[in-house]
Structure formats: structure tokens, C-alpha cells
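First the structure, in the form of C-alpha cells, and then the observations on it.
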Amino acid sequence: MRGFVKLSSGDVFEGNWVNETSIDELCGEVVFYTGMTGFQEVLTDPSYKDQIVVFTYPLIGNYGINEEDFESEMPHVAGVIVYEAAQDVFHYQAKYSLKQYLEKWNVPLLDNIDTRAIVKKIRDKGSMPAVLSKHEQSDLAFQLKPDCKVDAVTTKEIKKVGTGENHIVVVDFGCKQSIINALVERDCHVTVVPYDTTFEKIISLKPDGILLSNGPGDPKAISAELSKIKKLVSKLPTLGICLGHQLTALALGANTTKLAFGHRGANHPVSDLVTNQVFMSSQNHSYVVDNDSLFGTGLSTRFYNLHDQSVEGMVHDTLPLRTVQFHPEANPGPSDSQYIFDEFIELVKANNGRVATYA
């Protein structure tokens with residue numbers, strides 16, 4: 001069946017609507033992902049909520065979908081665009097093809113699309129609304145949903161995972177399962193709470209540390225949480241990841257801005273100003289912390305992006321606080337950024353005396 005990708009810039013691309021869905025057309029923000037692998041993790045990462053993802057690698061799906069690498073219980077992307085969708089899968093763990101998995105969840109998959117041309121448009125004009133349609137002529141408006149995306153992906157109830165020594169409360173703005181796994185592997189027992197859980201409730205759980213998770217959308221859309229976040233990072237050792245990093249900056253008086261087309265992929269070089277090491281990172285974000293706005297906040301840049309020099313992580317002058325824009329739990333081949341979790345656990349252990357200050 002024919003399928004069409006229509007950008008708000010006026011460009012139209014024709015290809016194949018691969019899977020059977022009840023959806024004839026939809027609108028979402030179109031973004032691109034540059035990794036050769038990791039499509040299962042991308043599909044189920046809550047940070048991609050309601051986005052149409054263009055995979056730049058020309059063949060996607062050849063190793064299939066397994067039962068081990070989900071970042072959440074369902075896909076969160078609005079639609080998927082590839083040059084070629086592999087119909088046959090070859091990995092021994094594979095349970096579904098890309099087509100079968102997306103069809104199960106009613107997510108449109110389009111292939112035989114000139115993905116290189118789409119990416120060039122996005123790089124030139126920025127991320128933009130796009131329409132996926134089975135119809136060459138469509139009147140669907142290029143209008144994105146104004147709703148709070150974090151509301152749709154956060155846990156609805158408090159959940160406990162692991163039995164380790166250190167108690168970490170994860171404030172769930174759209175947390176990836178890999179983040180929780182990384183904490184459990186480091187002898188933590190983890191309590192995951194909805195993002196709008198009150199400060200008093202979080203403190204009553206008696207955590208040794210706080211992790212502010214990744215999640216979708218503009219951090220300023222949930223500015224109501226900033227006063228709580230400021231109290232949390234002032235009270236307990238804290239690690240902020242991706243959206244959690246951005247929210248921490250806003251809570252302490254800095255600013256965030258939107259990138260033209262964001263950072264998405266498994267090949268972004270980041271420099272650590274403390275260790276003078278460079279490593280490859282996995283990233284997925286549209287917004288960044290404005291480096292100039294850090295003056296007077298107590299925050300300073302520790303990590304920066306070697307492509308565009310944007311802020312990739314921060315430390316605080318006096319608080320036991322670390323943040324990263326990238327995803328240290330991900331393995332884009334190497335796993336050399338996972339030391340971020342080790343540093344966080346050491347920070348938690350070094351500040352255990354702060355537990356005595358609970359009200």
C-alpha cells in the first residue's frame with residue numbers, strides 16, 4: 001500500500017505503508033536517529049513519545065525484536081520511517097519482526113522512503129511537524145498535541161525493584177528500564193515514583209539518593225515541579241539524566257533552549273573536563289541547557305559535546321549533585337560512560353549522614 005510523508009515545509013515523500021493499522025493518517029514531530037542498531041530501544045524509549053522517527057541507517061529490523069531489550073512495556077513513537085524494513089529476522093533471541101511488533105501496537109511503519117532526503121530537510125529547517133498518510137491528498141493539520149507528554153509516560157503507582165543496600169528513589173519523567181537495571185546492578189534497591197509525587201512523600205520513603213530520569217518534551221512544560229526539584233537536590237545526593245538534567249538546571253535558575261534538530265543516536269562524542277577523557281554516548285533530546293545561563297547558579301559544565309560544544313552535564317559547587325544530558329546506561333558499542341553511575345553511588349555513600357537531616 002502506498003504511504004506518504006508530508007513535512008510542514010511542504011515537501012512530500014512517497015513510499016510503502018508496510019503494516020496493517022487502523023490509522024490512516026497522523027501528525028507528529030519528525031526527528032531522525034543516526035544509530036546503526038538500537039531500534040528496539042528507540043521504539044520503547046518514553047522520551048520519543050508521539051514523535052515520528054526516521055532511521056538513517058538504510059536497513060532496519062534485520063536482527064528483530066526480542067524480549068530482553070525493551071525500555072518500557074510498549075512503543076511510544078507515533079510512527080516509523082525507514083529506507084528498507086527487514087521482513088526476515090536472524091538473531092537467535094528474536095521473537096518478532098519490526099513489522100509484526102509495530103503492527104501489534106498499531107504504529108505505522110513506512111519504508112522505501114528516501115530517508116537521506118528527509119534528514120537533509122530536517123537538518124536544514126529543523127525538526128518540524130509531519131503527517132503520515134495513506135492518501136496522497138490530506139487535509140490533516142500540521143499541529144502537534146499540546147498535552148504534557150510526561151503525564152502519559154510516568155508510572156501511575158509507586159514501584160519497588162531490587163534488594164540492594166542503597167535506596168534510590170527514581171522520579172519517573174519517562175524512565176528507561178536500563179536506568180533502573182544499572183542501579184540494581186550496583187547494589188541498589190530502587191523505588192520508582194510518579195513525577196508529580198510530593199517532596200514530603202519522597203522524603204518519607206527515606207531514600208539515600210535521588211535520580212531524576214529522562215523523559216519526553218520541553219522541560220518548561222512541567223515547570224510546576226521545579227520548586228520540588230530544587231528542594232530535593234538541596235537535600236539529597238542527586239543524579240539527573242537527560243530531562244532530569246534540564247529540569248535541575250531550570251530549578252537552580254539556569255535556562256534551557258531548543259536545538260534545531262536535536263541529538264539522537266549512538267555516536268555522539270562527549271568530553272569529560274574532569275578526566276580529560278572522550279567517549280561515545282547515546283543521546284535523545286531536543287532541548288539543551290544554556291551554558292551562559294549557569295553563571296550565579298552554583299552549577300558548572302563538566303561534560304560538553306564535541307560536535308557543537310553544548311552542555312552535556314553539570315556539577316554543583318557545594319551540593320552532591322551530578323547531571324548528564326546523554327544516556328550513561330546505554331551501550332553504543334562501548335560502555336565507558338557507565339562510570340557516571342559508579343560516581344553517583346560513591347556520592348550517595350559519602351553523604352549518607354544527610355539521612356539524619358530528614359524532617
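Ordered as shown in the C-alpha cells, chains take letters A, B, and onward, while each chain numbers its residues from 1 and ligands are numbered from 1 in the order shown.
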
Original post:
Got a sec: who's within 7 Å of stretch 230-243 of chain A, counting only C-alpha atoms, leaving out chain neighbours fewer than 4 positions off, as number ranges by chain?
Top reply: A: 209-215, 219, 226, 247-248, 251-252, 319-327, 344, 347-348, 351, 354

**OP:** Pull the alpha helix (DSSP H) assignments for stretch 112-290 of chain A out of DSSP run on the backbone, and list those residues as a ChimeraX atom specification.
**Re:** /A:115-125,149-153,177-184,199-204,226-235,243-251

Selection above as a file: N, CA and C atoms, as a short mmCIF file (atom, residue, chain, number, x, y, z; two decimals), in the first residue's frame:
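After the write, selection-v9.cif holds the following:
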data_model
loop_
_atom_site.label_atom_id
_atom_site.label_comp_id
_atom_site.auth_asym_id
_atom_site.auth_seq_id
_atom_site.Cartn_x
_atom_site.Cartn_y
_atom_site.Cartn_z
N THR A 115 15.08 8.35 3.00
CA THR A 115 15.36 8.87 4.34
C THR A 115 16.48 9.90 4.34
N ARG A 116 17.43 9.75 3.44
CA ARG A 116 18.52 10.73 3.37
C ARG A 116 17.97 12.11 3.02
N ALA A 117 17.03 12.16 2.08
CA ALA A 117 16.46 13.45 1.68
C ALA A 117 15.66 14.07 2.83
N ILE A 118 14.92 13.24 3.58
CA ILE A 118 14.16 13.76 4.72
C ILE A 118 15.11 14.34 5.76
N VAL A 119 16.18 13.60 6.06
CA VAL A 119 17.13 14.07 7.07
C VAL A 119 17.77 15.38 6.64
N LYS A 120 18.08 15.52 5.38
CA LYS A 120 18.65 16.78 4.89
C LYS A 120 17.68 17.94 5.13
N LYS A 121 16.39 17.68 4.90
CA LYS A 121 15.39 18.74 5.14
C LYS A 121 15.35 19.11 6.61
N ILE A 122 15.40 18.09 7.49
CA ILE A 122 15.35 18.36 8.92
C ILE A 122 16.59 19.12 9.36
N ARG A 123 17.74 18.73 8.84
CA ARG A 123 18.98 19.42 9.21
C ARG A 123 18.98 20.87 8.73
N ASP A 124 18.38 21.11 7.58
CA ASP A 124 18.34 22.47 7.03
C ASP A 124 17.30 23.34 7.73
N LYS A 125 16.13 22.74 8.03
CA LYS A 125 14.99 23.54 8.50
C LYS A 125 14.59 23.24 9.94
N LYS A 149 3.46 15.51 27.76
CA LYS A 149 3.84 14.15 27.39
C LYS A 149 4.29 13.33 28.60
N VAL A 150 4.86 13.99 29.60
CA VAL A 150 5.30 13.26 30.78
C VAL A 150 4.12 12.60 31.48
N ASP A 151 2.97 13.26 31.50
CA ASP A 151 1.77 12.67 32.10
C ASP A 151 1.45 11.31 31.51
N ALA A 152 1.72 11.15 30.22
CA ALA A 152 1.34 9.92 29.51
C ALA A 152 2.32 8.77 29.72
N VAL A 153 3.55 9.07 30.17
CA VAL A 153 4.56 8.01 30.25
C VAL A 153 5.04 7.70 31.67
N GLN A 177 14.00 1.50 31.31
CA GLN A 177 14.26 0.35 32.15
C GLN A 177 15.76 0.15 32.38
N SER A 178 16.57 0.50 31.41
CA SER A 178 18.02 0.32 31.53
C SER A 178 18.61 1.13 32.68
N ILE A 179 18.01 2.28 32.98
CA ILE A 179 18.49 3.09 34.09
C ILE A 179 18.24 2.37 35.41
N ILE A 180 17.05 1.82 35.56
CA ILE A 180 16.73 1.05 36.77
C ILE A 180 17.65 -0.16 36.88
N ASN A 181 17.87 -0.85 35.76
CA ASN A 181 18.77 -2.01 35.77
C ASN A 181 20.17 -1.63 36.21
N ALA A 182 20.66 -0.48 35.74
CA ALA A 182 22.01 -0.04 36.09
C ALA A 182 22.14 0.20 37.60
N LEU A 183 21.08 0.72 38.22
CA LEU A 183 21.11 0.95 39.67
C LEU A 183 21.06 -0.37 40.43
N VAL A 184 20.19 -1.28 40.01
CA VAL A 184 20.07 -2.58 40.69
C VAL A 184 21.39 -3.34 40.60
N PHE A 199 7.24 16.32 47.52
CA PHE A 199 8.52 16.28 48.23
C PHE A 199 8.38 15.53 49.54
N GLU A 200 7.31 15.80 50.27
CA GLU A 200 7.10 15.17 51.57
C GLU A 200 6.97 13.65 51.43
N LYS A 201 6.26 13.21 50.40
CA LYS A 201 6.10 11.77 50.19
C LYS A 201 7.44 11.13 49.84
N ILE A 202 8.23 11.78 48.98
CA ILE A 202 9.53 11.23 48.61
C ILE A 202 10.44 11.13 49.84
N ILE A 203 10.46 12.15 50.66
CA ILE A 203 11.30 12.14 51.86
C ILE A 203 10.83 11.05 52.82
N SER A 204 9.53 10.80 52.88
CA SER A 204 9.01 9.77 53.78
C SER A 204 9.47 8.37 53.39
N LEU A 226 9.50 22.39 39.51
CA LEU A 226 10.84 22.93 39.74
C LEU A 226 11.12 23.23 41.21
N SER A 227 10.16 23.72 41.94
CA SER A 227 10.41 24.03 43.35
C SER A 227 10.68 22.75 44.13
N LYS A 228 9.97 21.68 43.79
CA LYS A 228 10.22 20.39 44.44
C LYS A 228 11.61 19.88 44.11
N ILE A 229 11.99 19.98 42.84
CA ILE A 229 13.31 19.50 42.43
C ILE A 229 14.41 20.29 43.14
N LYS A 230 14.23 21.57 43.29
CA LYS A 230 15.23 22.37 43.99
C LYS A 230 15.40 21.90 45.42
N LYS A 231 14.30 21.57 46.08
CA LYS A 231 14.38 21.07 47.46
C LYS A 231 15.05 19.70 47.51
N LEU A 232 14.74 18.86 46.53
CA LEU A 232 15.33 17.51 46.52
C LEU A 232 16.84 17.56 46.33
N VAL A 233 17.31 18.35 45.34
CA VAL A 233 18.75 18.38 45.07
C VAL A 233 19.50 19.09 46.19
N SER A 234 18.81 19.92 46.95
CA SER A 234 19.43 20.59 48.09
C SER A 234 19.47 19.69 49.32
N LYS A 235 18.68 18.64 49.31
CA LYS A 235 18.53 17.77 50.47
C LYS A 235 19.32 16.48 50.35
N LEU A 243 16.22 14.67 30.54
CA LEU A 243 15.23 15.64 31.01
C LEU A 243 15.50 16.01 32.47
N GLY A 244 15.91 15.04 33.28
CA GLY A 244 16.25 15.33 34.67
C GLY A 244 17.39 16.32 34.80
N HIS A 245 18.34 16.26 33.88
CA HIS A 245 19.44 17.22 33.82
C HIS A 245 18.91 18.62 33.50
N GLN A 246 18.02 18.71 32.52
CA GLN A 246 17.47 20.00 32.14
C GLN A 246 16.62 20.61 33.25
N LEU A 247 15.82 19.77 33.90
CA LEU A 247 14.96 20.25 34.99
C LEU A 247 15.78 20.74 36.17
N THR A 248 16.89 20.07 36.43
CA THR A 248 17.78 20.52 37.51
C THR A 248 18.32 21.91 37.21
N ALA A 249 18.73 22.13 35.98
CA ALA A 249 19.24 23.45 35.60
C ALA A 249 18.17 24.52 35.79
N LEU A 250 16.97 24.25 35.32
CA LEU A 250 15.88 25.22 35.48
C LEU A 250 15.58 25.47 36.96
N ALA A 251 15.57 24.41 37.77
CA ALA A 251 15.23 24.54 39.18
C ALA A 251 16.24 25.41 39.93
#

**OP:** Find the spatial neighbours of A:His316, counting only C-alpha atoms, within a cut-off of 8 Å - ignore same-chain residues fewer than 6 positions away - and output them as a list in words.
**Re:**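 Those residues are Gly298, Leu299, Ser300 and Arg322 of chain A.
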
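When the distance limit is 12 Å and only C-alpha atoms are what count, the residues near A:Asn276, minus those fewer than 4 positions from it on the same chain, are Val270, Ser271, Asp272, Arg302, Phe303 and Tyr304 of chain A.
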
Original post:
Hey, which of A:Gly174, A:Gly126, A:Gly35, A:Pro46 ends up closest to A:Pro194? Count only C-alpha atoms.
Top reply: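 Selected residue with least distance to A:Pro194: A:Gly174.
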
With a distance cut-off of 10 Å and only C-alpha atoms, select the neighbouring residues of A:Phe55, excluding the residue or stretch itself and same-chain residues fewer than 2 positions from it, and output the selection as a PDB file with N, CA and C atoms, in the first residue's frame.
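Result went into selection-v1.pdb, see below:
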ATOM      1  N   VAL A  31      11.690  13.462  13.633  1.00  0.00           N
ATOM      2  CA  VAL A  31      13.078  13.562  14.086  1.00  0.00           C
ATOM      3  C   VAL A  31      13.851  12.397  13.476  1.00  0.00           C
ATOM      4  N   PHE A  32      15.183  12.447  13.555  1.00  0.00           N
ATOM      5  CA  PHE A  32      15.948  11.341  12.990  1.00  0.00           C
ATOM      6  C   PHE A  32      16.929  10.772  14.010  1.00  0.00           C
ATOM      7  N   TYR A  33      17.189   9.455  13.859  1.00  0.00           N
ATOM      8  CA  TYR A  33      18.082   8.711  14.736  1.00  0.00           C
ATOM      9  C   TYR A  33      19.205   8.136  13.888  1.00  0.00           C
ATOM     10  N   THR A  34      20.463   8.341  14.315  1.00  0.00           N
ATOM     11  CA  THR A  34      21.601   8.012  13.463  1.00  0.00           C
ATOM     12  C   THR A  34      22.271   6.689  13.777  1.00  0.00           C
ATOM     13  N   GLY A  35      21.819   5.952  14.790  1.00  0.00           N
ATOM     14  CA  GLY A  35      22.478   4.708  15.157  1.00  0.00           C
ATOM     15  C   GLY A  35      22.213   3.589  14.147  1.00  0.00           C
ATOM     16  N   MET A  36      23.199   2.691  14.012  1.00  0.00           N
ATOM     17  CA  MET A  36      23.035   1.520  13.153  1.00  0.00           C
ATOM     18  C   MET A  36      22.193   0.450  13.831  1.00  0.00           C
ATOM     19  N   THR A  37      22.235   0.409  15.164  1.00  0.00           N
ATOM     20  CA  THR A  37      21.477  -0.568  15.946  1.00  0.00           C
ATOM     21  C   THR A  37      20.692   0.167  17.018  1.00  0.00           C
ATOM     22  N   PHE A  39      17.252  -0.102  17.469  1.00  0.00           N
ATOM     23  CA  PHE A  39      15.904   0.340  17.084  1.00  0.00           C
ATOM     24  C   PHE A  39      14.852  -0.102  18.097  1.00  0.00           C
ATOM     25  N   VAL A  42      14.916   2.373  20.907  1.00  0.00           N
ATOM     26  CA  VAL A  42      14.342   3.653  20.472  1.00  0.00           C
ATOM     27  C   VAL A  42      12.817   3.593  20.482  1.00  0.00           C
ATOM     28  N   ILE A  52       7.641  11.025  15.286  1.00  0.00           N
ATOM     29  CA  ILE A  52       7.837  10.184  14.107  1.00  0.00           C
ATOM     30  C   ILE A  52       9.343  10.071  13.902  1.00  0.00           C
ATOM     31  N   VAL A  53       9.869   8.852  13.982  1.00  0.00           N
ATOM     32  CA  VAL A  53      11.318   8.651  13.950  1.00  0.00           C
ATOM     33  C   VAL A  53      11.754   8.161  12.574  1.00  0.00           C
ATOM     34  N   TYR A  57      20.053   4.711   9.125  1.00  0.00           N
ATOM     35  CA  TYR A  57      20.730   3.536   8.571  1.00  0.00           C
ATOM     36  C   TYR A  57      19.787   2.883   7.565  1.00  0.00           C
ATOM     37  N   PRO A  58      20.284   2.461   6.400  1.00  0.00           N
ATOM     38  CA  PRO A  58      19.368   2.059   5.317  1.00  0.00           C
ATOM     39  C   PRO A  58      18.583   0.777   5.541  1.00  0.00           C
ATOM     40  N   LEU A  59      19.052  -0.145   6.380  1.00  0.00           N
ATOM     41  CA  LEU A  59      18.327  -1.386   6.645  1.00  0.00           C
ATOM     42  C   LEU A  59      18.054  -1.489   8.140  1.00  0.00           C
ATOM     43  N   ILE A  60      16.793  -1.529   8.506  1.00  0.00           N
ATOM     44  CA  ILE A  60      16.398  -1.585   9.913  1.00  0.00           C
ATOM     45  C   ILE A  60      15.533  -2.824  10.148  1.00  0.00           C
ATOM     46  N   VAL A  80       7.109   5.259  12.307  1.00  0.00           N
ATOM     47  CA  VAL A  80       8.490   4.906  11.981  1.00  0.00           C
ATOM     48  C   VAL A  80       8.682   4.989  10.469  1.00  0.00           C
ATOM     49  N   ILE A  81       9.799   5.609  10.054  1.00  0.00           N
ATOM     50  CA  ILE A  81      10.141   5.752   8.642  1.00  0.00           C
ATOM     51  C   ILE A  81      11.525   5.158   8.416  1.00  0.00           C
ATOM     52  N   VAL A  82      11.634   4.238   7.459  1.00  0.00           N
ATOM     53  CA  VAL A  82      12.923   3.624   7.143  1.00  0.00           C
ATOM     54  C   VAL A  82      13.076   3.546   5.623  1.00  0.00           C
ATOM     55  N   TYR A  83      14.298   3.305   5.191  1.00  0.00           N
ATOM     56  CA  TYR A  83      14.523   3.073   3.767  1.00  0.00           C
ATOM     57  C   TYR A  83      14.125   1.645   3.400  1.00  0.00           C
ATOM     58  N   GLU A  84      14.544   0.682   4.229  1.00  0.00           N
ATOM     59  CA  GLU A  84      14.158  -0.709   4.000  1.00  0.00           C
ATOM     60  C   GLU A  84      13.883  -1.375   5.340  1.00  0.00           C
ATOM     61  N   THR A 115      15.083   8.352   3.003  1.00  0.00           N
ATOM     62  CA  THR A 115      15.358   8.866   4.343  1.00  0.00           C
ATOM     63  C   THR A 115      16.484   9.899   4.336  1.00  0.00           C
ATOM     64  N   ARG A 116      17.431   9.745   3.438  1.00  0.00           N
ATOM     65  CA  ARG A 116      18.524  10.726   3.371  1.00  0.00           C
ATOM     66  C   ARG A 116      17.975  12.105   3.019  1.00  0.00           C
ATOM     67  N   VAL A 119      16.176  13.596   6.060  1.00  0.00           N
ATOM     68  CA  VAL A 119      17.128  14.071   7.068  1.00  0.00           C
ATOM     69  C   VAL A 119      17.772  15.384   6.637  1.00  0.00           C
ATOM     70  N   GLY A 265      20.968   9.474  18.606  1.00  0.00           N
ATOM     71  CA  GLY A 265      21.835   8.480  18.003  1.00  0.00           C
ATOM     72  C   GLY A 265      22.771   7.884  19.032  1.00  0.00           C
TER      73      GLY A 265
END

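Minimum atom-to-atom distance to A:Asp290, evaluated using only C-alpha atoms, belongs to A:Lys258 out of A:Lys258, A:Ala266, A:Gly15, A:Cys148.
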
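The neighbours of A:Glu103 here are the residues that come within 10 Å of it, using only C-alpha atoms and leaving out any residue fewer than 2 positions away in the same chain; they are Val18, Asn19, Glu20, Thr21, Ser22, Ser97, Leu98, Lys99, Gln100, Tyr101, Trp105, Asn106, Val107, Pro108 and Leu109 of chain A.
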
Put those residues in a file: C-alpha atoms, as a tab-separated table (two decimals), in the first residue's frame.
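Saved file selection.tsv follows:
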chain	number	residue	atom	x	y	z
A	18	VAL	CA	4.16	-1.60	5.37
A	19	ASN	CA	1.92	-2.81	8.18
A	20	GLU	CA	-1.80	-3.14	8.82
A	21	THR	CA	-3.06	-0.41	11.18
A	22	SER	CA	-6.38	1.17	11.99
A	97	SER	CA	9.96	-8.73	13.10
A	98	LEU	CA	9.84	-4.93	13.14
A	99	LYS	CA	6.63	-5.07	11.09
A	100	GLN	CA	4.98	-7.57	13.45
A	101	TYR	CA	5.87	-5.65	16.57
A	105	TRP	CA	0.74	-1.82	18.76
A	106	ASN	CA	-0.94	-0.10	15.79
A	107	VAL	CA	2.12	2.04	14.99
A	108	PRO	CA	2.54	2.88	11.28
A	109	LEU	CA	5.73	1.73	9.55

Original post:
Neighbours of A:Gln93 within 8 Å (only C-alpha atoms; same-chain residues fewer than 2 positions away dropped), as a list in words?
Top reply: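 Here the answer would be Ile65, Asn66, Glu67, His91 and Lys95 of chain A.
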
Write a file of the selected residues as an mmCIF file, in the first residue's frame, keeping C-alpha atoms.
data_model
loop_
_atom_site.group_PDB
_atom_site.id
_atom_site.type_symbol
_atom_site.label_atom_id
_atom_site.label_comp_id
_atom_site.auth_asym_id
_atom_site.auth_seq_id
_atom_site.Cartn_x
_atom_site.Cartn_y
_atom_site.Cartn_z
ATOM 1 C CA ILE A 65 12.668 -7.654 18.320
ATOM 2 C CA ASN A 66 13.497 -9.722 21.420
ATOM 3 C CA GLU A 67 12.006 -9.965 24.913
ATOM 4 C CA HIS A 91 19.074 -13.221 15.676
ATOM 5 C CA LYS A 95 10.553 -13.086 18.682
#

Original post:
Using only C-alpha atoms, which of the listed residues (A:Leu7, A:Val274, A:Val193, A:Cys175) sits closest to A:Glu329?
Top reply: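 Of A:Leu7, A:Val274, A:Val193, A:Cys175, the one nearest A:Glu329, counting only C-alpha atoms, is A:Cys175.
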
Original post:
Suppose you want the space between atom CA of A:Met314 and atom CA of A:Leu273; what is it in Å?
Top reply: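 Interatomic distance, atom CA of A:Met314 to atom CA of A:Leu273: 10.3 Å.
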
Original post:
Using only C-alpha atoms, which residue out of A:Gln283, A:Gln143, A:Thr198, A:Thr256 lies closest to A:Ala221?
Top reply: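 Of A:Gln283, A:Gln143, A:Thr198, A:Thr256, the one nearest A:Ala221 is A:Thr256, counting only C-alpha atoms.
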
Original post:
So, counting only C-alpha atoms, which residue among A:Asp292, A:Glu343, A:Glu29, A:Glu68 is closest to A:Thr44?
Top reply: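 For A:Thr44, the nearest of the given residues is A:Glu68.
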
**OP:** Select, from A:Pro207, A:Glu157, A:Gly262, A:Gly61, the residue with the minimum atom-to-atom distance to A:Leu102, counting only C-alpha atoms.
**Re:**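 For A:Leu102, the nearest of the given residues is A:Gly61.
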
Subject >> DSSP-assigned strand (DSSP E or B) among stretch 133-181 of chain A, expressed as JSON, numbers by chain >> reply: {"A": [133, 159, 160, 161, 166, 167, 168, 169, 170, 171, 172]}

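Across the model, the gap from atom CA of A:Val30 to atom CA of A:Leu140 is 15.3 Å.
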